[in-house]
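Enquirer: Enclosed is the structure file structure.txt (compact mmCIF, C-alpha atoms).
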```txt
# COMPACT_ATOMS: atom_id res chain seq x y z
CA MET Z 1 9.29 20.07 -15.26
CA ASN Z 2 10.31 23.68 -14.58
CA LYS Z 3 9.68 24.60 -18.20
CA LYS Z 4 6.18 23.09 -18.02
CA ILE Z 5 5.45 25.08 -14.90
CA LEU Z 6 6.71 28.27 -16.51
CA ASP Z 7 4.67 27.60 -19.67
CA TYR Z 8 1.53 27.00 -17.58
CA TYR Z 9 2.19 30.19 -15.62
CA GLU Z 10 2.61 32.21 -18.81
CA ASN Z 11 -0.50 30.71 -20.43
CA ARG Z 12 -2.70 30.76 -17.33
CA PRO Z 13 -6.14 32.38 -17.66
CA ARG Z 14 -6.04 36.11 -16.97
CA ARG Z 15 -8.79 36.73 -14.40
CA TRP Z 16 -7.67 40.02 -12.95
CA GLN Z 17 -10.46 41.85 -14.81
CA TYR Z 18 -13.15 39.73 -13.10
CA ILE Z 19 -11.45 40.02 -9.72
CA THR Z 20 -11.24 43.81 -10.10
CA ILE Z 21 -14.92 44.08 -11.07
CA ILE Z 22 -15.98 41.89 -8.14
CA LEU Z 23 -13.81 43.90 -5.74
CA ILE Z 24 -15.32 47.19 -6.99
CA LEU Z 25 -18.84 45.76 -6.61
CA VAL Z 26 -18.15 44.53 -3.06
CA LEU Z 27 -16.66 47.89 -2.04
CA GLY Z 28 -19.53 49.77 -3.67
CA ILE Z 29 -22.20 47.66 -1.94
CA SER Z 30 -20.37 47.98 1.38
CA TRP Z 31 -20.18 51.77 1.04
CA TRP Z 32 -23.86 51.98 0.07
CA SER Z 33 -24.88 49.76 3.00
CA SER Z 34 -22.79 51.69 5.52
CA SER Z 35 -24.40 54.96 4.40
CA SER Z 36 -27.69 53.81 5.98
CA LEU Z 37 -26.07 53.46 9.43
CA ASN Z 38 -25.82 56.23 11.93
CA SER Z 39 -22.37 57.00 13.26
CA LEU Z 40 -21.57 54.85 16.28
CA THR Z 41 -20.98 56.91 19.38
CA MET Z 42 -20.75 55.91 23.04
CA THR Z 43 -21.88 58.32 25.72
CA LYS Z 44 -20.55 58.39 29.26
CA GLN Z 45 -23.79 56.78 30.43
CA GLY Z 46 -23.39 54.01 27.84
CA SER Z 47 -19.84 53.34 28.99
CA ALA Z 48 -21.02 53.10 32.59
CA ILE Z 49 -23.79 50.63 31.64
CA ALA Z 50 -21.32 48.49 29.68
CA LEU Z 51 -19.00 48.43 32.68
CA GLU Z 52 -21.85 47.45 35.02
CA MET Z 53 -22.87 44.65 32.66
CA LEU Z 54 -19.32 43.26 32.69
CA LYS Z 55 -19.26 43.48 36.49
CA GLY Z 56 -22.55 41.57 36.61
CA ILE Z 57 -21.17 38.75 34.47
CA VAL Z 58 -17.98 38.57 36.55
CA ASN Z 59 -19.96 38.69 39.83
CA PRO Z 60 -23.15 36.70 39.16
CA ASP Z 61 -26.01 36.39 41.61
CA THR Z 62 -25.34 32.91 43.02
CA LYS Z 63 -28.68 32.90 44.85
CA ILE Z 64 -30.68 32.73 41.61
CA LEU Z 65 -28.00 30.66 39.88
CA PHE Z 66 -28.35 27.75 42.32
CA ALA Z 67 -31.99 28.23 43.36
CA LEU Z 68 -34.19 25.13 42.87
CA GLY Z 69 -37.59 26.86 42.65
CA THR Z 70 -39.54 27.87 39.55
CA SER Z 71 -37.78 31.24 39.52
CA GLY Z 72 -34.31 29.69 39.62
CA VAL Z 73 -32.00 29.54 36.62
CA LEU Z 74 -31.95 25.72 36.62
CA TYR Z 75 -35.72 25.44 36.25
CA LEU Z 76 -35.79 28.10 33.52
CA LEU Z 77 -33.00 26.32 31.62
CA LEU Z 78 -34.86 23.00 31.82
CA GLN Z 79 -37.98 24.72 30.49
CA THR Z 80 -35.94 26.23 27.65
CA ILE Z 81 -34.46 22.80 26.79
CA ALA Z 82 -37.95 21.24 26.82
CA ILE Z 83 -39.29 23.94 24.47
CA ALA Z 84 -36.35 23.42 22.07
CA ILE Z 85 -36.71 19.61 22.05
CA LEU Z 86 -40.48 19.62 21.56
CA GLY Z 87 -40.19 22.35 18.90
CA THR Z 88 -37.67 20.23 16.99
CA ILE Z 89 -39.90 17.14 17.21
CA VAL Z 90 -42.96 19.09 16.01
CA GLY Z 91 -40.92 20.52 13.13
CA ALA Z 92 -39.69 17.06 12.13
CA ILE Z 93 -43.20 15.57 12.22
CA ILE Z 94 -44.38 18.27 9.79
CA ALA Z 95 -41.21 18.49 7.68
CA VAL Z 96 -40.60 14.80 6.90
CA PRO Z 97 -43.89 14.16 5.03
CA LEU Z 98 -43.56 17.51 3.23
CA SER Z 99 -40.01 16.54 2.19
CA PHE Z 100 -41.19 13.35 0.50
CA LEU Z 101 -43.97 15.28 -1.25
CA SER Z 102 -41.39 17.85 -2.43
CA ALA Z 103 -38.78 15.41 -3.77
CA THR Z 104 -38.90 15.22 -7.57
CA ASN Z 105 -37.70 11.62 -7.56
CA MET Z 106 -40.63 10.62 -5.31
CA MET Z 107 -43.52 12.70 -6.63
CA PRO Z 108 -44.57 14.24 -9.97
CA LYS Z 109 -42.83 17.57 -10.51
CA PRO Z 110 -45.99 19.76 -10.42
CA ILE Z 111 -46.92 18.43 -6.97
CA ALA Z 112 -43.32 18.67 -5.75
CA TYR Z 113 -43.01 22.31 -6.81
CA VAL Z 114 -46.32 23.30 -5.20
CA VAL Z 115 -45.26 21.75 -1.87
CA ARG Z 116 -41.87 23.45 -2.15
CA LEU Z 117 -43.63 26.80 -2.47
CA LEU Z 118 -45.51 26.00 0.74
CA ILE Z 119 -42.23 25.19 2.51
CA MET Z 120 -40.70 28.43 1.23
CA ALA Z 121 -43.70 30.36 2.58
CA ILE Z 122 -43.21 28.76 6.01
CA ARG Z 123 -39.49 29.62 5.95
CA THR Z 124 -40.06 33.31 5.25
CA VAL Z 125 -41.57 33.97 8.70
CA PRO Z 126 -39.07 34.23 11.60
CA SER Z 127 -39.66 32.39 14.87
CA PHE Z 128 -40.19 35.68 16.72
CA VAL Z 129 -43.21 36.49 14.54
CA TYR Z 130 -44.57 32.96 14.95
CA ALA Z 131 -44.18 33.36 18.72
CA LEU Z 132 -46.19 36.59 18.71
CA PHE Z 133 -48.85 34.86 16.62
CA PHE Z 134 -49.18 31.84 18.91
CA VAL Z 135 -49.03 33.93 22.10
CA GLY Z 136 -52.16 35.64 20.79
CA ILE Z 137 -53.81 32.23 20.26
CA VAL Z 138 -52.79 30.15 23.30
CA GLY Z 139 -51.65 32.92 25.64
CA MET Z 140 -48.28 33.53 27.28
CA SER Z 141 -47.04 29.98 27.83
CA PRO Z 142 -44.29 27.55 26.74
CA SER Z 143 -46.81 26.02 24.32
CA ALA Z 144 -46.53 29.13 22.16
CA GLY Z 145 -42.74 28.71 22.07
CA VAL Z 146 -43.03 25.03 21.10
CA MET Z 147 -45.37 25.80 18.19
CA ALA Z 148 -43.30 28.78 17.05
CA LEU Z 149 -40.07 26.75 16.99
CA GLY Z 150 -41.89 23.83 15.36
CA LEU Z 151 -42.97 25.92 12.38
CA GLU Z 152 -39.62 27.70 12.20
CA SER Z 153 -37.87 24.30 12.11
CA VAL Z 154 -39.98 22.99 9.21
CA GLY Z 155 -38.22 25.08 6.57
CA MET Z 156 -34.64 24.10 7.39
CA ILE Z 157 -35.34 20.43 8.17
CA ALA Z 158 -37.38 20.02 4.98
CA LYS Z 159 -34.77 21.79 2.82
CA LEU Z 160 -31.93 19.54 4.01
CA PHE Z 161 -34.06 16.41 3.91
CA ILE Z 162 -35.24 17.08 0.34
CA GLU Z 163 -31.61 17.27 -0.80
CA SER Z 164 -30.90 13.95 0.95
CA ILE Z 165 -33.91 12.27 -0.67
CA GLU Z 166 -32.94 13.47 -4.15
CA ASP Z 167 -29.38 12.17 -3.66
CA LEU Z 168 -30.58 8.65 -2.83
CA ASP Z 169 -29.19 5.51 -4.42
CA THR Z 170 -31.87 5.04 -7.07
CA GLY Z 171 -30.83 1.45 -7.73
CA ILE Z 172 -32.59 0.25 -4.59
CA ILE Z 173 -35.79 2.10 -5.50
CA GLU Z 174 -35.71 0.75 -9.08
CA SER Z 175 -35.27 -2.79 -7.74
CA MET Z 176 -38.28 -2.34 -5.49
CA ASP Z 177 -40.26 -0.94 -8.42
CA ALA Z 178 -39.42 -4.05 -10.41
CA ALA Z 179 -40.57 -6.19 -7.48
CA GLY Z 180 -43.92 -4.38 -7.45
CA ALA Z 181 -43.44 -2.52 -4.16
CA SER Z 182 -45.93 0.20 -3.27
CA TRP Z 183 -44.97 3.85 -2.66
CA PHE Z 184 -45.09 3.38 1.11
CA GLN Z 185 -43.05 0.17 0.92
CA LYS Z 186 -40.36 1.95 -1.09
CA ILE Z 187 -40.15 4.65 1.56
CA ARG Z 188 -40.24 2.22 4.50
CA PHE Z 189 -37.70 -0.32 3.23
CA GLY Z 190 -35.72 1.49 0.53
CA VAL Z 191 -35.54 5.15 1.52
CA LEU Z 192 -35.67 5.47 5.32
CA PRO Z 193 -32.76 3.08 6.04
CA GLN Z 194 -30.54 5.26 3.82
CA LEU Z 195 -31.79 8.57 5.20
CA LEU Z 196 -32.16 7.92 8.91
CA PRO Z 197 -28.55 8.78 9.97
CA GLU Z 198 -28.57 12.03 7.99
CA LEU Z 199 -32.04 12.96 9.25
CA LEU Z 200 -30.98 12.48 12.87
CA SER Z 201 -27.84 14.52 12.25
CA ASN Z 202 -29.93 17.38 10.79
CA LEU Z 203 -32.34 17.20 13.72
CA LEU Z 204 -29.46 17.55 16.19
CA TYR Z 205 -28.19 20.58 14.28
CA ARG Z 206 -31.68 22.11 14.32
CA LEU Z 207 -32.03 21.36 18.05
CA ASP Z 208 -28.83 23.31 18.66
CA MET Z 209 -30.33 26.29 16.80
CA ASN Z 210 -33.69 25.95 18.56
CA LEU Z 211 -31.98 26.04 21.93
CA ARG Z 212 -30.63 29.50 21.12
CA ASP Z 213 -33.97 30.66 19.69
CA ALA Z 214 -35.90 29.31 22.69
CA SER Z 215 -33.85 31.52 24.99
CA ILE Z 216 -35.10 34.57 23.07
CA LEU Z 217 -38.79 33.68 22.64
CA GLY Z 218 -39.42 34.31 26.32
CA LEU Z 219 -39.17 38.02 25.48
CA VAL Z 220 -42.69 37.84 24.01
CA GLY Z 221 -44.07 35.51 26.67
CA ALA Z 222 -43.42 32.20 24.92
CA GLY Z 223 -41.73 30.58 27.94
CA GLY Z 224 -38.10 29.84 28.67
CA ILE Z 225 -35.35 31.94 30.13
CA GLY Z 226 -35.65 34.95 27.82
CA ALA Z 227 -38.25 36.86 29.85
CA PRO Z 228 -36.27 36.85 33.15
CA LEU Z 229 -33.18 37.90 31.21
CA ILE Z 230 -34.82 40.94 29.60
CA PHE Z 231 -36.51 41.90 32.88
CA ALA Z 232 -33.17 41.74 34.67
CA MET Z 233 -31.51 43.88 31.99
CA ASN Z 234 -34.34 46.42 31.88
CA GLY Z 235 -34.21 46.68 35.66
CA GLN Z 236 -30.40 47.02 35.50
CA MET Z 237 -30.03 43.96 37.74
CA TRP Z 238 -26.74 43.09 36.13
CA SER Z 239 -25.72 40.35 38.59
CA LYS Z 240 -28.98 38.50 37.88
CA ALA Z 241 -28.53 38.99 34.13
CA GLY Z 242 -24.94 37.76 34.45
CA SER Z 243 -26.13 34.59 36.19
CA ILE Z 244 -28.57 33.84 33.38
CA LEU Z 245 -26.00 34.55 30.64
CA ILE Z 246 -23.38 32.34 32.30
CA ALA Z 247 -25.90 29.49 32.64
CA LEU Z 248 -26.94 29.88 28.99
CA PHE Z 249 -23.33 29.83 27.84
CA ILE Z 250 -22.55 26.66 29.79
CA LEU Z 251 -25.72 24.97 28.52
CA ILE Z 252 -25.05 25.79 24.86
CA VAL Z 253 -21.42 24.62 25.11
CA ILE Z 254 -22.50 21.30 26.67
CA VAL Z 255 -25.23 20.73 24.07
CA GLU Z 256 -22.83 21.61 21.24
CA LEU Z 257 -20.22 19.13 22.46
CA ILE Z 258 -22.76 16.33 22.91
CA SER Z 259 -24.55 16.91 19.60
CA SER Z 260 -21.29 17.14 17.63
CA GLN Z 261 -20.16 13.79 19.03
CA ILE Z 262 -23.50 12.18 18.22
CA ARG Z 263 -23.39 13.60 14.69
CA LYS Z 264 -19.92 12.11 14.16
CA VAL Z 265 -21.14 8.68 15.27
CA LEU Z 266 -24.21 8.90 13.03
CA MET Z 267 -22.27 10.01 9.93
CA LYS Z 268 -19.66 7.27 10.43
CA GLY Z 269 -22.40 4.69 10.79
```
Starting from the file, give its structure as structure tokens.

Expert:
Amino acid sequence: MNKKILDYYENRPRRWQYITIILILVLGISWWSSSSLNSLTMTKQGSAIALEMLKGIVNPDTKILFALGTSGVLYLLLQTIAIAILGTIVGAIIAVPLSFLSATNMMPKPIAYVVRLLIMAIRTVPSFVYALFFVGIVGMSPSAGVMALGLESVGMIAKLFIESIEDLDTGIIESMDAAGASWFQKIRFGVLPQLLPELLSNLLYRLDMNLRDASILGLVGAGGIGAPLIFAMNGQMWSKAGSILIALFILIVIVELISSQIRKVLMKG
């Protein structure tokens, strides 16, 4: 056994040349990228602001943290959650039909590739830009945040769902073909039962991402908790900003724990 191991070690593929080349490329790209950055310096004023921010987080404004009105953190968090949930639902409603039209085992390849280009075009625009676009259309309101997150969600949901559709058990679909089932019948009875757990798992993952994004979209007037946060920071009201950050942290941790448990149940069936 030892001789076999020694023989394998002696005759193993020599890959040090490739590793060296890759290492040189990585170091070269890192050096080139770092050359575009200005040197990081911290002034005395910057140090004082950082210290005040930490004090604000340690000593939050409990008045706003536990207030029950529309300006309280609880109301703003609920609005942020609502924007994230509705944005995910809107994204799923758009993404699911596009996914079936983009799957090469469901549609002719020319049609599938054209729809994939459309999905790629939707994915190239970040949610912040969509939010600015919809704020100009519907005004500064949570509706703009919902539509922005909905379009932003389409790309990721569709991408993951297309992969799931193309990995389907084709035996079921072929059996339904032999039985003379229509395209809609194949999707309803042969495809959706296989895909539903994975689709729900992907939607929960996207909801987790949308919750973080929804907390930022308020910066451009798209609702949620982002606007009060940036106003508090611009006004150097660090205790108020600390209250909002603490509430956001607790919310995201709770949602992450709940969604991860639900995903485990869904994947185990």

Enquirer: Could you work out an axis-aligned box for region 120-126 of chain Z, taking every atom the file lists and adding 8 Å on each side, and report centre and edge lengths in Å to one decimal, as JSON?

Expert:
```
{"center_x": -41.4, "center_y": 31.3, "center_z": 6.4, "size_x": 20.6, "size_y": 21.8, "size_z": 26.4}
```

Enquirer: Would you work out the distance separating CA of Ala95 (chain Z) from CA of Phe184 (chain Z), expressed in Å to one decimal?

Expert: 16.9 Å

Enquirer: Considering all atoms listed in the file, give me a table of residues in region 112-140 of chain Z that are at most 7 Å from region 150-169 of chain Z, with the closest atom pair and distance in Å for each, as a tab-separated table.

Expert:
```
residue	atom	partner	partner_atom	distance
Z:Ile119	CA	Z:Gly155	CA	5.7
Z:Met120	CA	Z:Gly155	CA	6.8
Z:Ile122	CA	Z:Gly155	CA	6.2
Z:Arg123	CA	Z:Gly155	CA	4.8
Z:Pro126	CA	Z:Glu152	CA	6.6
Z:Ser127	CA	Z:Glu152	CA	5.4
```

Enquirer: For a test of reading the model, state the distance in Å between CA of Asp208 (chain Z) and CA of Met237 (chain Z), rounded to one decimal.

Expert: 28.1 Å

Enquirer: Go through region 6-124 of chain Z residue by residue and, counting all atoms listed in the file, keep those with an atom at most 8 Å from region 246-262 of chain Z; for each kept residue give the shortest atom pair and its distance in Å to one decimal, ordered by chain and increasing number, as JSON lines.

Expert:
```
{"residue": "Z:Ile57", "atom": "CA", "partner": "Z:Ile246", "partner_atom": "CA", "distance": 7.1}
{"residue": "Z:Leu65", "atom": "CA", "partner": "Z:Ala247", "partner_atom": "CA", "distance": 7.6}
{"residue": "Z:Val73", "atom": "CA", "partner": "Z:Ala247", "partner_atom": "CA", "distance": 7.3}
{"residue": "Z:Leu77", "atom": "CA", "partner": "Z:Leu248", "partner_atom": "CA", "distance": 7.5}
```

Enquirer: Tell me which of Z:Ala148, Z:Ile83, Z:Leu266, Z:Ile225 sits closest to Ser71 (chain Z), counting only C-alpha atoms.

Expert: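 Nearest to Ser71 (chain Z): Z:Ile225.
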
Enquirer: Would you work out the distance separating CA of Ala50 (chain Z) from CA of Leu229 (chain Z), expressed in Å to one decimal?

Expert: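 Taking CA of Ala50 (chain Z) and CA of Leu229 (chain Z), their separation equals 16.0 Å.
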
Enquirer: Restore N, CA and C atoms in region 157-185 of chain Z and list the result as a PDB file, in the frame of the given file.

Expert:
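That gives us rebuild-v2.pdb:
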```pdb
ATOM      1  N   ILE Z 157     -35.356  21.897   8.176  1.00  0.00           N
ATOM      2  CA  ILE Z 157     -35.340  20.430   8.170  1.00  0.00           C
ATOM      3  C   ILE Z 157     -35.781  19.906   6.810  1.00  0.00           C
ATOM      4  N   ALA Z 158     -36.869  20.474   6.267  1.00  0.00           N
ATOM      5  CA  ALA Z 158     -37.380  20.020   4.980  1.00  0.00           C
ATOM      6  C   ALA Z 158     -36.371  20.280   3.861  1.00  0.00           C
ATOM      7  N   LYS Z 159     -35.736  21.448   3.870  1.00  0.00           N
ATOM      8  CA  LYS Z 159     -34.770  21.790   2.820  1.00  0.00           C
ATOM      9  C   LYS Z 159     -33.613  20.782   2.784  1.00  0.00           C
ATOM     10  N   LEU Z 160     -33.047  20.489   3.957  1.00  0.00           N
ATOM     11  CA  LEU Z 160     -31.930  19.540   4.010  1.00  0.00           C
ATOM     12  C   LEU Z 160     -32.378  18.121   3.680  1.00  0.00           C
ATOM     13  N   PHE Z 161     -33.577  17.764   4.126  1.00  0.00           N
ATOM     14  CA  PHE Z 161     -34.060  16.410   3.910  1.00  0.00           C
ATOM     15  C   PHE Z 161     -34.417  16.174   2.442  1.00  0.00           C
ATOM     16  N   ILE Z 162     -34.930  17.200   1.772  1.00  0.00           N
ATOM     17  CA  ILE Z 162     -35.240  17.080   0.340  1.00  0.00           C
ATOM     18  C   ILE Z 162     -33.962  16.781  -0.443  1.00  0.00           C
ATOM     19  N   GLU Z 163     -32.891  17.505  -0.115  1.00  0.00           N
ATOM     20  CA  GLU Z 163     -31.610  17.270  -0.800  1.00  0.00           C
ATOM     21  C   GLU Z 163     -31.129  15.838  -0.574  1.00  0.00           C
ATOM     22  N   SER Z 164     -31.315  15.330   0.648  1.00  0.00           N
ATOM     23  CA  SER Z 164     -30.900  13.950   0.950  1.00  0.00           C
ATOM     24  C   SER Z 164     -31.728  12.946   0.165  1.00  0.00           C
ATOM     25  N   ILE Z 165     -33.031  13.190   0.064  1.00  0.00           N
ATOM     26  CA  ILE Z 165     -33.910  12.270  -0.670  1.00  0.00           C
ATOM     27  C   ILE Z 165     -33.539  12.236  -2.145  1.00  0.00           C
ATOM     28  N   GLU Z 166     -33.250  13.402  -2.711  1.00  0.00           N
ATOM     29  CA  GLU Z 166     -32.940  13.470  -4.150  1.00  0.00           C
ATOM     30  C   GLU Z 166     -31.551  12.935  -4.466  1.00  0.00           C
ATOM     31  N   ASP Z 167     -30.707  12.752  -3.454  1.00  0.00           N
ATOM     32  CA  ASP Z 167     -29.380  12.170  -3.660  1.00  0.00           C
ATOM     33  C   ASP Z 167     -29.340  10.680  -3.326  1.00  0.00           C
ATOM     34  N   LEU Z 168     -30.508  10.069  -3.207  1.00  0.00           N
ATOM     35  CA  LEU Z 168     -30.580   8.650  -2.830  1.00  0.00           C
ATOM     36  C   LEU Z 168     -29.986   7.748  -3.913  1.00  0.00           C
ATOM     37  N   ASP Z 169     -29.595   6.556  -3.484  1.00  0.00           N
ATOM     38  CA  ASP Z 169     -29.190   5.510  -4.420  1.00  0.00           C
ATOM     39  C   ASP Z 169     -30.452   4.997  -5.116  1.00  0.00           C
ATOM     40  N   THR Z 170     -30.632   5.382  -6.363  1.00  0.00           N
ATOM     41  CA  THR Z 170     -31.870   5.040  -7.070  1.00  0.00           C
ATOM     42  C   THR Z 170     -31.946   3.559  -7.440  1.00  0.00           C
ATOM     43  N   GLY Z 171     -30.816   2.868  -7.376  1.00  0.00           N
ATOM     44  CA  GLY Z 171     -30.830   1.450  -7.730  1.00  0.00           C
ATOM     45  C   GLY Z 171     -31.748   0.640  -6.835  1.00  0.00           C
ATOM     46  N   ILE Z 172     -31.739   0.967  -5.541  1.00  0.00           N
ATOM     47  CA  ILE Z 172     -32.590   0.250  -4.590  1.00  0.00           C
ATOM     48  C   ILE Z 172     -34.060   0.492  -4.915  1.00  0.00           C
ATOM     49  N   ILE Z 173     -34.391   1.767  -5.204  1.00  0.00           N
ATOM     50  CA  ILE Z 173     -35.790   2.100  -5.500  1.00  0.00           C
ATOM     51  C   ILE Z 173     -36.237   1.427  -6.802  1.00  0.00           C
ATOM     52  N   GLU Z 174     -35.352   1.402  -7.816  1.00  0.00           N
ATOM     53  CA  GLU Z 174     -35.710   0.750  -9.080  1.00  0.00           C
ATOM     54  C   GLU Z 174     -35.917  -0.747  -8.893  1.00  0.00           C
ATOM     55  N   SER Z 175     -35.100  -1.357  -8.029  1.00  0.00           N
ATOM     56  CA  SER Z 175     -35.270  -2.790  -7.740  1.00  0.00           C
ATOM     57  C   SER Z 175     -36.613  -3.053  -7.073  1.00  0.00           C
ATOM     58  N   MET Z 176     -37.000  -2.179  -6.165  1.00  0.00           N
ATOM     59  CA  MET Z 176     -38.280  -2.340  -5.490  1.00  0.00           C
ATOM     60  C   MET Z 176     -39.449  -2.085  -6.434  1.00  0.00           C
ATOM     61  N   ASP Z 177     -39.246  -1.160  -7.389  1.00  0.00           N
ATOM     62  CA  ASP Z 177     -40.260  -0.940  -8.420  1.00  0.00           C
ATOM     63  C   ASP Z 177     -40.472  -2.211  -9.247  1.00  0.00           C
ATOM     64  N   ALA Z 178     -39.338  -2.822  -9.608  1.00  0.00           N
ATOM     65  CA  ALA Z 178     -39.420  -4.050 -10.410  1.00  0.00           C
ATOM     66  C   ALA Z 178     -40.090  -5.180  -9.637  1.00  0.00           C
ATOM     67  N   ALA Z 179     -39.955  -5.148  -8.307  1.00  0.00           N
ATOM     68  CA  ALA Z 179     -40.570  -6.190  -7.480  1.00  0.00           C
ATOM     69  C   ALA Z 179     -42.031  -5.886  -7.182  1.00  0.00           C
ATOM     70  N   GLY Z 180     -42.516  -4.733  -7.652  1.00  0.00           N
ATOM     71  CA  GLY Z 180     -43.920  -4.380  -7.450  1.00  0.00           C
ATOM     72  C   GLY Z 180     -44.220  -3.758  -6.106  1.00  0.00           C
ATOM     73  N   ALA Z 181     -43.221  -3.129  -5.470  1.00  0.00           N
ATOM     74  CA  ALA Z 181     -43.440  -2.520  -4.160  1.00  0.00           C
ATOM     75  C   ALA Z 181     -44.289  -1.255  -4.292  1.00  0.00           C
ATOM     76  N   SER Z 182     -45.098  -1.003  -3.282  1.00  0.00           N
ATOM     77  CA  SER Z 182     -45.930   0.200  -3.270  1.00  0.00           C
ATOM     78  C   SER Z 182     -45.081   1.412  -2.888  1.00  0.00           C
ATOM     79  N   TRP Z 183     -45.676   2.608  -2.985  1.00  0.00           N
ATOM     80  CA  TRP Z 183     -44.970   3.850  -2.660  1.00  0.00           C
ATOM     81  C   TRP Z 183     -44.533   3.843  -1.199  1.00  0.00           C
ATOM     82  N   PHE Z 184     -45.415   3.418  -0.313  1.00  0.00           N
ATOM     83  CA  PHE Z 184     -45.090   3.380   1.110  1.00  0.00           C
ATOM     84  C   PHE Z 184     -44.030   2.325   1.414  1.00  0.00           C
ATOM     85  N   GLN Z 185     -44.070   1.204   0.721  1.00  0.00           N
ATOM     86  CA  GLN Z 185     -43.050   0.170   0.920  1.00  0.00           C
ATOM     87  C   GLN Z 185     -41.682   0.647   0.472  1.00  0.00           C
TER      88      GLN Z 185
END
```
